[in-house]
$ cat coords_37.txt   # compact mmCIF, C-alpha atoms and all ligand atoms
# COMPACT_ATOMS: atom_id res chain seq x y z
CA MET A 1 -22.63 -68.65 -15.47
CA LEU A 2 -23.63 -65.05 -16.29
CA ASN A 3 -21.41 -63.80 -13.44
CA ARG A 4 -18.44 -65.61 -14.82
CA VAL A 5 -18.98 -64.09 -18.27
CA VAL A 6 -19.17 -60.61 -16.77
CA ILE A 7 -15.96 -61.11 -14.75
CA ILE A 8 -14.08 -62.43 -17.78
CA GLY A 9 -15.37 -59.51 -19.82
CA VAL A 10 -14.17 -56.98 -17.21
CA VAL A 11 -10.74 -58.62 -17.02
CA LEU A 12 -10.40 -58.56 -20.79
CA VAL A 13 -11.40 -54.88 -20.97
CA LEU A 14 -8.98 -53.93 -18.16
CA SER A 15 -6.20 -55.92 -19.83
CA PHE A 16 -6.90 -54.06 -23.04
CA ILE A 17 -6.82 -50.65 -21.30
CA TYR A 18 -3.78 -51.12 -19.09
CA GLY A 19 -1.97 -53.68 -21.21
CA CYS A 20 -0.59 -56.89 -19.78
CA GLY A 21 2.82 -57.01 -21.33
CA GLY A 22 4.48 -54.77 -18.70
CA ASN A 23 6.68 -52.36 -20.67
CA GLU A 24 4.20 -51.12 -23.17
CA PRO A 25 5.30 -47.86 -24.82
CA VAL A 26 3.57 -44.87 -23.26
CA ALA A 27 1.52 -42.94 -25.76
CA GLU A 28 2.88 -39.51 -26.50
CA ILE A 29 0.69 -36.57 -25.74
CA VAL A 30 -0.02 -34.77 -28.96
CA TYR A 31 -1.79 -31.51 -29.54
CA ASP A 32 -4.27 -30.93 -32.30
CA TYR A 33 -3.75 -27.15 -32.12
CA PRO A 34 -0.62 -25.08 -32.68
CA LEU A 35 1.47 -24.94 -29.51
CA LYS A 36 2.05 -21.22 -29.87
CA THR A 37 -1.49 -20.44 -28.89
CA SER A 38 -2.59 -21.01 -25.34
CA PRO A 39 -4.75 -24.11 -24.93
CA ILE A 40 -6.81 -22.31 -22.30
CA ARG A 41 -8.61 -19.24 -23.53
CA PRO A 42 -10.57 -17.34 -20.91
CA THR A 43 -14.03 -16.77 -22.19
CA PRO A 44 -14.94 -13.09 -22.00
CA PRO A 45 -17.68 -12.33 -19.50
CA SER A 46 -21.03 -11.89 -21.15
CA THR A 47 -21.54 -8.54 -19.44
CA PRO A 48 -18.75 -6.03 -18.75
CA ARG A 49 -17.49 -5.98 -15.17
CA VAL A 50 -19.06 -3.11 -13.28
CA LEU A 51 -16.74 -1.52 -10.75
CA PRO A 52 -18.37 -0.50 -7.50
CA LYS A 53 -19.15 3.18 -7.62
CA TYR A 54 -17.44 5.33 -5.02
CA ASP A 55 -19.69 5.54 -1.99
CA GLU A 56 -20.08 9.16 -0.90
CA SER A 57 -22.37 8.31 2.00
CA SER A 58 -19.38 7.99 4.35
CA VAL A 59 -17.97 11.37 3.30
CA PRO A 60 -18.38 14.19 5.86
CA SER A 61 -21.23 16.40 4.66
CA ASN A 62 -19.14 19.57 4.84
CA TRP A 63 -16.78 18.19 2.16
CA MET A 64 -19.61 18.68 -0.32
CA PRO A 65 -19.64 22.07 -1.99
CA LEU A 66 -22.85 24.01 -2.39
CA SER A 67 -24.55 22.30 -5.31
CA TRP A 68 -25.48 25.50 -7.15
CA ALA A 69 -21.87 26.67 -6.99
CA GLU A 70 -20.13 23.41 -7.88
CA LYS A 71 -17.44 23.61 -10.57
CA ASN A 72 -15.49 21.08 -12.56
CA TRP A 73 -12.04 20.77 -10.95
CA THR A 74 -9.21 19.20 -12.94
CA ALA A 75 -6.23 18.92 -10.57
CA ILE A 76 -5.17 18.84 -6.93
CA ILE A 77 -2.24 20.80 -5.46
CA ILE A 78 -0.70 19.97 -2.10
CA HIS A 79 0.93 22.55 0.17
CA HIS A 80 2.49 22.73 3.58
CA SER A 81 1.97 25.71 5.84
CA ALA A 82 5.75 25.97 6.35
CA THR A 83 4.93 26.63 10.01
CA ARG A 84 5.06 24.24 12.90
CA THR A 85 1.56 25.17 14.07
CA GLY A 86 -1.66 26.63 12.67
CA ASN A 87 -5.20 26.02 11.52
CA ALA A 88 -7.61 27.38 8.91
CA ALA A 89 -8.69 30.37 11.03
CA ILE A 90 -5.09 31.40 11.71
CA PHE A 91 -4.15 31.15 8.02
CA ASP A 92 -7.36 32.98 7.12
CA ASN A 93 -6.24 35.86 9.32
CA TRP A 94 -2.71 35.88 7.85
CA HIS A 95 -3.94 35.82 4.28
CA ARG A 96 -6.59 38.50 4.97
CA GLU A 97 -4.46 40.86 7.05
CA GLY A 98 -0.99 40.04 5.77
CA ARG A 99 -1.64 39.68 2.08
CA GLY A 100 -4.93 41.45 1.55
CA TRP A 101 -6.54 38.32 0.12
CA ASN A 102 -10.17 37.40 0.39
CA GLY A 103 -9.50 34.98 3.23
CA VAL A 104 -7.47 31.79 3.41
CA GLY A 105 -6.23 30.81 -0.05
CA TYR A 106 -6.66 27.03 0.31
CA ASP A 107 -9.76 24.89 -0.06
CA PHE A 108 -8.86 22.49 2.74
CA VAL A 109 -6.50 22.59 5.73
CA ILE A 110 -5.42 19.40 7.51
CA GLY A 111 -4.38 19.90 11.14
CA ASN A 112 -1.40 18.38 12.91
CA GLY A 113 -2.64 18.45 16.51
CA THR A 114 -1.29 21.89 17.38
CA ASP A 115 -4.04 24.42 16.71
CA SER A 116 -6.57 21.87 15.44
CA PRO A 117 -6.93 18.12 16.03
CA ASP A 118 -4.36 15.85 14.38
CA GLY A 119 -5.70 14.83 10.96
CA GLN A 120 -8.79 17.03 11.13
CA VAL A 121 -9.89 18.30 7.72
CA GLU A 122 -11.05 21.90 7.85
CA VAL A 123 -13.12 23.09 4.90
CA THR A 124 -12.73 26.75 3.94
CA LYS A 125 -15.21 29.19 2.48
CA ARG A 126 -13.34 28.99 -0.83
CA TRP A 127 -14.33 25.36 -1.19
CA ARG A 128 -17.88 25.75 0.07
CA TYR A 129 -18.57 28.51 -2.45
CA GLN A 130 -16.21 27.05 -5.10
CA GLU A 131 -14.26 30.30 -5.37
CA VAL A 132 -11.02 30.74 -7.29
CA GLY A 133 -8.16 29.82 -4.95
CA ALA A 134 -5.17 31.85 -3.84
CA HIS A 135 -2.65 29.10 -3.27
CA CYS A 136 -0.65 28.63 -6.46
CA GLY A 137 -0.01 31.88 -8.29
CA GLY A 138 2.03 32.49 -11.43
CA THR A 139 0.70 29.72 -13.67
CA PRO A 140 -0.34 30.56 -17.25
CA GLY A 141 -3.81 32.08 -17.19
CA ASN A 142 -3.81 31.45 -13.41
CA TRP A 143 -5.01 27.95 -14.30
CA ALA A 144 -3.91 26.40 -11.00
CA ASN A 145 -5.97 28.73 -8.82
CA LYS A 146 -8.96 28.44 -11.14
CA GLU A 147 -8.93 24.70 -11.83
CA ALA A 148 -6.97 23.02 -9.05
CA ILE A 149 -8.11 22.23 -5.53
CA GLY A 150 -5.64 23.51 -2.90
CA ILE A 151 -4.99 21.34 0.15
CA CYS A 152 -2.66 22.57 2.90
CA LEU A 153 -1.17 20.37 5.60
CA VAL A 154 -0.13 22.18 8.75
CA GLY A 155 3.60 21.67 9.30
CA ASP A 156 7.03 22.52 7.97
CA PHE A 157 8.02 19.53 5.86
CA ASN A 158 11.49 20.81 5.16
CA HIS A 159 12.22 19.83 8.74
CA SER A 160 9.60 17.22 9.65
CA THR A 161 7.11 14.93 7.93
CA PRO A 162 3.30 14.86 8.07
CA THR A 163 1.74 12.91 10.92
CA ARG A 164 0.21 9.53 10.19
CA ALA A 165 -3.26 10.97 10.83
CA GLN A 166 -2.59 13.81 8.37
CA MET A 167 -1.58 11.33 5.67
CA GLN A 168 -4.65 9.17 6.32
CA SER A 169 -6.95 12.19 6.07
CA LEU A 170 -5.14 13.41 2.96
CA VAL A 171 -5.62 10.06 1.23
CA ARG A 172 -9.29 9.97 2.19
CA LEU A 173 -9.87 13.53 0.99
CA ILE A 174 -7.99 13.08 -2.28
CA THR A 175 -9.79 9.80 -2.98
CA PHE A 176 -13.14 11.56 -2.59
CA LEU A 177 -12.05 14.44 -4.85
CA GLN A 178 -10.53 12.13 -7.47
CA ASN A 179 -13.76 10.17 -7.72
CA ARG A 180 -16.08 13.16 -7.71
CA TYR A 181 -14.15 15.11 -10.37
CA ASN A 182 -12.47 12.28 -12.26
CA ILE A 183 -8.98 13.54 -11.45
CA PRO A 184 -6.24 11.10 -12.44
CA LYS A 185 -3.22 10.50 -10.21
CA ASN A 186 -0.90 12.34 -12.58
CA ARG A 187 -2.91 15.53 -11.99
CA ILE A 188 -2.01 15.58 -8.30
CA TYR A 189 0.93 17.92 -7.77
CA GLY A 190 3.06 19.32 -5.02
CA HIS A 191 3.00 23.11 -5.20
CA GLY A 192 6.60 23.23 -6.46
CA THR A 193 6.01 20.77 -9.30
CA THR A 194 2.79 22.34 -10.58
CA PRO A 195 3.17 22.91 -14.35
CA GLY A 196 3.91 26.56 -15.04
CA GLY A 197 4.09 27.40 -11.34
CA ARG A 198 6.64 29.43 -9.44
CA ASN A 199 9.78 27.91 -8.03
CA THR A 200 9.10 26.83 -4.44
CA ASP A 201 10.05 23.94 -2.20
CA CYS A 202 6.43 23.71 -0.95
CA PRO A 203 5.12 21.20 0.25
CA GLY A 204 8.57 20.68 1.74
CA ARG A 205 11.61 18.62 0.78
CA ARG A 206 10.58 15.84 3.16
CA PHE A 207 6.97 15.58 2.00
CA PRO A 208 6.46 11.89 1.02
CA MET A 209 4.95 12.40 -2.44
CA ALA A 210 5.92 8.96 -3.77
CA GLU A 211 4.39 7.31 -0.71
CA LEU A 212 1.22 9.36 -1.12
CA LYS A 213 0.90 8.33 -4.78
CA SER A 214 1.37 4.69 -3.82
CA MET A 215 -1.56 5.00 -1.39
CA LEU A 216 -3.91 6.34 -4.10
CA ASP A 217 -5.77 4.59 -6.93
ZN ZN M 1 2.37 26.01 -1.34

$ encode --input "coords_37.txt" --output "structure tokens"
Amino acid sequence: MLNRVVIIGVVLVLSFIYGCGGNEPVAEIVYDYPLKTSPIRPTPPSTPRVLPKYDESSVPSNWMPLSWAEKNWTAIIIHHSATRTGNAAIFDNWHREGRGWNGVGYDFVIGNGTDSPDGQVEVTKRWRYQEVGAHCGGTPGNWANKEAIGICLVGDFNHSTPTRAQMQSLVRLITFLQNRYNIPKNRIYGHGTTPGGRNTDCPGRRFPMAELKSMLD
């Protein structure tokens, strides 16, 4: 008897829910909030998202300047050697003997497999001791040599392009420098587009600046 009552009750409830007349009008969906505002609002996280800090443990130790000498750098300037071959020692000799400078004018030289391994980053004395560079003269107050890090890729990029290994090393080096000195992407220049600098086609008409920027944060 009890079972029968339960079954009848269930049938009545289901009939009420689904209707038994067949073509019952379907209820319209109505909103109790203005449609202009999104019904789904993401709730803000309770604590701000913390971005992973750049990990310097994988950075070659010779990329680190001497701590007592370290300066605050504000820009990065990219050069080509405008020669097919070369390395830091060869440029050091040229700049010393040929131009009477205090050694190679760049902070870093990236080899192309001719006189140093392809993609090898050579660190010069200028970087180690954080000396004023000699790579981008003629800017107001010599700001570029004082404030900007000079990176030279071996090669003549009016006639060729950097090797893949050179580009990979360049991205790795710039990423380290950007993070360490808080240098935004718009403060990375080719020599010829350095604000206030001399007119030059360095780092070469075929240097892939747009591609480089797309590979950086
Ligand atoms: Zn240059």

$ residues_near_ligand --input "coords_37.txt" --ligand "ligand ZN 1 (chain M)" --cutoff "6 Å" --atoms "all atoms listed in the file" --output "JSON, numbers by chain"
{"A": [79, 80, 191, 202, 203]}

$ closest_residue --input "coords_37.txt" --among "A:Ala134, A:Val26, A:Met215, A:Ile78" --to "Gly103 of chain A" --atoms "only C-alpha atoms"
A:Ala134

$ closest_residue --input "coords_37.txt" --among "A:Gly150, A:Ala82, A:Thr114, A:Cys136" --to "Asn199 of chain A" --atoms "all atoms listed in the file"
A:Cys136

$ closest_residue --input "coords_37.txt" --among "A:Pro184, A:Gly100, A:Pro162, A:Pro60" --to "Thr74 of chain A" --atoms "all atoms listed in the file"
A:Pro184

$ residues_around --input "coords_37.txt" --residues "segment 83-97 of chain A" --least-positions-apart "6" --cutoff "9 Å" --atoms "all atoms listed in the file" --output "ChimeraX atom specification"
/A:103-106,108-116,122-124,154-157,160

$ residues_around --input "coords_37.txt" --residues "Asp217 of chain A" --least-positions-apart "4" --cutoff "12 Å" --atoms "all atoms listed in the file" --output "PyMOL selection string"
chain A and resi 54+171-172+174-179+182-186+188+212-213

$ closest_residue --input "coords_37.txt" --among "A:Thr163, A:Asn145, A:Ser61, A:Gln168" --to "Val132 of chain A" --atoms "only C-alpha atoms"
A:Asn145

$ atom_distance --input "coords_37.txt" --atom1 "atom CA of Glu147 of chain A" --atom2 "atom CA of Arg180 of chain A"
14.2 Å

$ closest_residue --input "coords_37.txt" --among "A:Ala165, A:Leu173, A:Ala148, A:Met209" --to "Asn72 of chain A" --atoms "only C-alpha atoms"
A:Ala148

$ atom_distance --input "coords_37.txt" --atom1 "atom CA of Glu131 of chain A" --atom2 "atom CA of Asp55 of chain A"
25.6 Å

$ closest_residue --input "coords_37.txt" --among "A:Asn102, A:Asp201, A:Ala75, A:Gln166" --to "Pro117 of chain A" --atoms "only C-alpha atoms"
A:Gln166

$ atom_distance --input "coords_37.txt" --atom1 "atom CA of Pro65 of chain A" --atom2 "atom CA of Thr193 of chain A"
26.7 Å

$ decode --input "coords_37.txt" --residues "segment 50-99 of chain A" --atoms "N, CA and C atoms" --output "mmCIF file, in the first residue's frame"
data_model
loop_
_atom_site.group_PDB
_atom_site.id
_atom_site.type_symbol
_atom_site.label_atom_id
_atom_site.label_comp_id
_atom_site.auth_asym_id
_atom_site.auth_seq_id
_atom_site.Cartn_x
_atom_site.Cartn_y
_atom_site.Cartn_z
ATOM 1 N N VAL A 50 52.577 36.174 -8.315
ATOM 2 C CA VAL A 50 54.018 36.439 -8.238
ATOM 3 C C VAL A 50 54.696 35.765 -9.426
ATOM 4 N N LEU A 51 55.328 36.570 -10.273
ATOM 5 C CA LEU A 51 56.007 36.008 -11.434
ATOM 6 C C LEU A 51 57.304 35.356 -10.966
ATOM 7 N N PRO A 52 57.664 34.247 -11.595
ATOM 8 C CA PRO A 52 58.920 33.618 -11.187
ATOM 9 C C PRO A 52 60.088 34.555 -11.457
ATOM 10 N N LYS A 53 60.942 34.700 -10.490
ATOM 11 C CA LYS A 53 62.083 35.586 -10.653
ATOM 12 C C LYS A 53 63.077 34.937 -11.616
ATOM 13 N N TYR A 54 63.747 35.770 -12.391
ATOM 14 C CA TYR A 54 64.727 35.246 -13.342
ATOM 15 C C TYR A 54 65.809 34.476 -12.586
ATOM 16 N N ASP A 55 66.075 33.281 -13.074
ATOM 17 C CA ASP A 55 67.022 32.406 -12.389
ATOM 18 C C ASP A 55 68.425 32.611 -12.968
ATOM 19 N N GLU A 56 69.293 33.210 -12.176
ATOM 20 C CA GLU A 56 70.645 33.500 -12.666
ATOM 21 C C GLU A 56 71.600 32.328 -12.466
ATOM 22 N N SER A 57 71.101 31.237 -11.861
ATOM 23 C CA SER A 57 72.021 30.136 -11.562
ATOM 24 C C SER A 57 72.520 29.450 -12.838
ATOM 25 N N SER A 58 71.747 29.596 -13.940
ATOM 26 C CA SER A 58 72.174 28.946 -15.184
ATOM 27 C C SER A 58 73.035 29.880 -16.050
ATOM 28 N N VAL A 59 73.283 31.077 -15.545
ATOM 29 C CA VAL A 59 74.051 32.059 -16.317
ATOM 30 C C VAL A 59 75.547 31.787 -16.121
ATOM 31 N N PRO A 60 76.322 31.781 -17.220
ATOM 32 C CA PRO A 60 77.774 31.565 -17.062
ATOM 33 C C PRO A 60 78.361 32.576 -16.074
ATOM 34 N N SER A 61 79.246 32.094 -15.202
ATOM 35 C CA SER A 61 79.720 32.968 -14.114
ATOM 36 C C SER A 61 80.483 34.181 -14.643
ATOM 37 N N ASN A 62 81.105 34.041 -15.827
ATOM 38 C CA ASN A 62 81.870 35.200 -16.315
ATOM 39 C C ASN A 62 80.990 36.300 -16.919
ATOM 40 N N TRP A 63 79.676 36.056 -16.994
ATOM 41 C CA TRP A 63 78.766 37.144 -17.420
ATOM 42 C C TRP A 63 78.535 38.125 -16.272
ATOM 43 N N MET A 64 78.853 37.693 -15.066
ATOM 44 C CA MET A 64 78.640 38.571 -13.908
ATOM 45 C C MET A 64 79.790 39.562 -13.794
ATOM 46 N N PRO A 65 79.484 40.834 -13.670
ATOM 47 C CA PRO A 65 80.578 41.789 -13.480
ATOM 48 C C PRO A 65 81.133 41.678 -12.068
ATOM 49 N N LEU A 66 82.273 42.284 -11.842
ATOM 50 C CA LEU A 66 82.809 42.324 -10.476
ATOM 51 C C LEU A 66 81.833 43.114 -9.617
ATOM 52 N N SER A 67 81.464 42.554 -8.475
ATOM 53 C CA SER A 67 80.358 43.152 -7.712
ATOM 54 C C SER A 67 80.697 44.565 -7.230
ATOM 55 N N TRP A 68 81.951 44.811 -6.868
ATOM 56 C CA TRP A 68 82.293 46.151 -6.367
ATOM 57 C C TRP A 68 82.252 47.198 -7.466
ATOM 58 N N ALA A 69 82.345 46.724 -8.731
ATOM 59 C CA ALA A 69 82.400 47.678 -9.841
ATOM 60 C C ALA A 69 81.033 47.879 -10.501
ATOM 61 N N GLU A 70 80.057 47.043 -10.149
ATOM 62 C CA GLU A 70 78.816 46.993 -10.925
ATOM 63 C C GLU A 70 78.084 48.332 -10.971
ATOM 64 N N LYS A 71 77.633 48.675 -12.197
ATOM 65 C CA LYS A 71 76.914 49.933 -12.428
ATOM 66 C C LYS A 71 75.462 49.639 -12.774
ATOM 67 N N ASN A 72 74.711 50.723 -12.919
ATOM 68 C CA ASN A 72 73.325 50.577 -13.333
ATOM 69 C C ASN A 72 73.213 50.898 -14.831
ATOM 70 N N TRP A 73 73.061 49.887 -15.664
ATOM 71 C CA TRP A 73 72.987 50.085 -17.115
ATOM 72 C C TRP A 73 71.543 50.301 -17.537
ATOM 73 N N THR A 74 71.343 51.164 -18.544
ATOM 74 C CA THR A 74 69.959 51.517 -18.893
ATOM 75 C C THR A 74 69.563 51.132 -20.317
ATOM 76 N N ALA A 75 70.498 50.650 -21.116
ATOM 77 C CA ALA A 75 70.159 50.330 -22.514
ATOM 78 C C ALA A 75 71.145 49.285 -23.034
ATOM 79 N N ILE A 76 70.804 48.727 -24.185
ATOM 80 C CA ILE A 76 71.669 47.739 -24.846
ATOM 81 C C ILE A 76 71.807 48.154 -26.307
ATOM 82 N N ILE A 77 73.034 48.133 -26.822
ATOM 83 C CA ILE A 77 73.260 48.509 -28.229
ATOM 84 C C ILE A 77 73.951 47.353 -28.951
ATOM 85 N N ILE A 78 73.389 47.002 -30.100
ATOM 86 C CA ILE A 78 73.886 45.855 -30.854
ATOM 87 C C ILE A 78 74.696 46.331 -32.063
ATOM 88 N N HIS A 79 75.832 45.679 -32.261
ATOM 89 C CA HIS A 79 76.738 46.001 -33.368
ATOM 90 C C HIS A 79 77.038 44.744 -34.170
ATOM 91 N N HIS A 80 77.518 44.962 -35.401
ATOM 92 C CA HIS A 80 78.213 43.870 -36.088
ATOM 93 C C HIS A 80 79.664 44.295 -36.253
ATOM 94 N N SER A 81 80.528 43.310 -36.496
ATOM 95 C CA SER A 81 81.942 43.663 -36.635
ATOM 96 C C SER A 81 82.214 44.226 -38.026
ATOM 97 N N ALA A 82 81.267 44.032 -38.945
ATOM 98 C CA ALA A 82 81.439 44.444 -40.347
ATOM 99 C C ALA A 82 82.622 43.730 -41.004
ATOM 100 N N THR A 83 83.014 42.618 -40.405
ATOM 101 C CA THR A 83 84.054 41.758 -40.982
ATOM 102 C C THR A 83 83.491 40.345 -41.041
ATOM 103 N N ARG A 84 84.035 39.543 -41.911
ATOM 104 C CA ARG A 84 83.527 38.184 -42.022
ATOM 105 C C ARG A 84 84.001 37.329 -40.841
ATOM 106 N N THR A 85 85.182 37.654 -40.340
ATOM 107 C CA THR A 85 85.790 36.849 -39.273
ATOM 108 C C THR A 85 86.172 37.745 -38.089
ATOM 109 N N GLY A 86 86.629 37.111 -37.007
ATOM 110 C CA GLY A 86 87.116 37.890 -35.864
ATOM 111 C C GLY A 86 86.736 37.275 -34.538
ATOM 112 N N ASN A 87 87.309 37.834 -33.498
ATOM 113 C CA ASN A 87 86.950 37.470 -32.121
ATOM 114 C C ASN A 87 87.354 38.629 -31.214
ATOM 115 N N ALA A 88 87.124 38.489 -29.928
ATOM 116 C CA ALA A 88 87.364 39.609 -29.007
ATOM 117 C C ALA A 88 88.832 40.016 -29.000
ATOM 118 N N ALA A 89 89.749 39.034 -29.028
ATOM 119 C CA ALA A 89 91.180 39.363 -28.977
ATOM 120 C C ALA A 89 91.606 40.127 -30.225
ATOM 121 N N ILE A 90 91.086 39.726 -31.370
ATOM 122 C CA ILE A 90 91.438 40.401 -32.628
ATOM 123 C C ILE A 90 90.917 41.845 -32.608
ATOM 124 N N PHE A 91 89.668 42.022 -32.184
ATOM 125 C CA PHE A 91 89.111 43.387 -32.118
ATOM 126 C C PHE A 91 89.833 44.215 -31.056
ATOM 127 N N ASP A 92 90.243 43.561 -29.987
ATOM 128 C CA ASP A 92 90.989 44.245 -28.928
ATOM 129 C C ASP A 92 92.272 44.842 -29.525
ATOM 130 N N ASN A 93 92.947 44.029 -30.324
ATOM 131 C CA ASN A 93 94.184 44.477 -30.960
ATOM 132 C C ASN A 93 93.917 45.635 -31.920
ATOM 133 N N TRP A 94 92.891 45.519 -32.740
ATOM 134 C CA TRP A 94 92.536 46.594 -33.683
ATOM 135 C C TRP A 94 92.247 47.893 -32.942
ATOM 136 N N HIS A 95 91.421 47.773 -31.904
ATOM 137 C CA HIS A 95 90.996 48.996 -31.212
ATOM 138 C C HIS A 95 92.165 49.630 -30.460
ATOM 139 N N ARG A 96 93.054 48.777 -29.929
ATOM 140 C CA ARG A 96 94.223 49.256 -29.189
ATOM 141 C C ARG A 96 95.219 49.915 -30.140
ATOM 142 N N GLU A 97 95.602 49.113 -31.162
ATOM 143 C CA GLU A 97 96.666 49.561 -32.074
ATOM 144 C C GLU A 97 96.114 50.560 -33.095
ATOM 145 N N GLY A 98 94.974 50.223 -33.665
ATOM 146 C CA GLY A 98 94.451 51.038 -34.770
ATOM 147 C C GLY A 98 93.839 52.344 -34.305
ATOM 148 N N ARG A 99 93.198 52.331 -33.179
ATOM 149 C CA ARG A 99 92.445 53.524 -32.775
ATOM 150 C C ARG A 99 92.954 54.145 -31.485
#
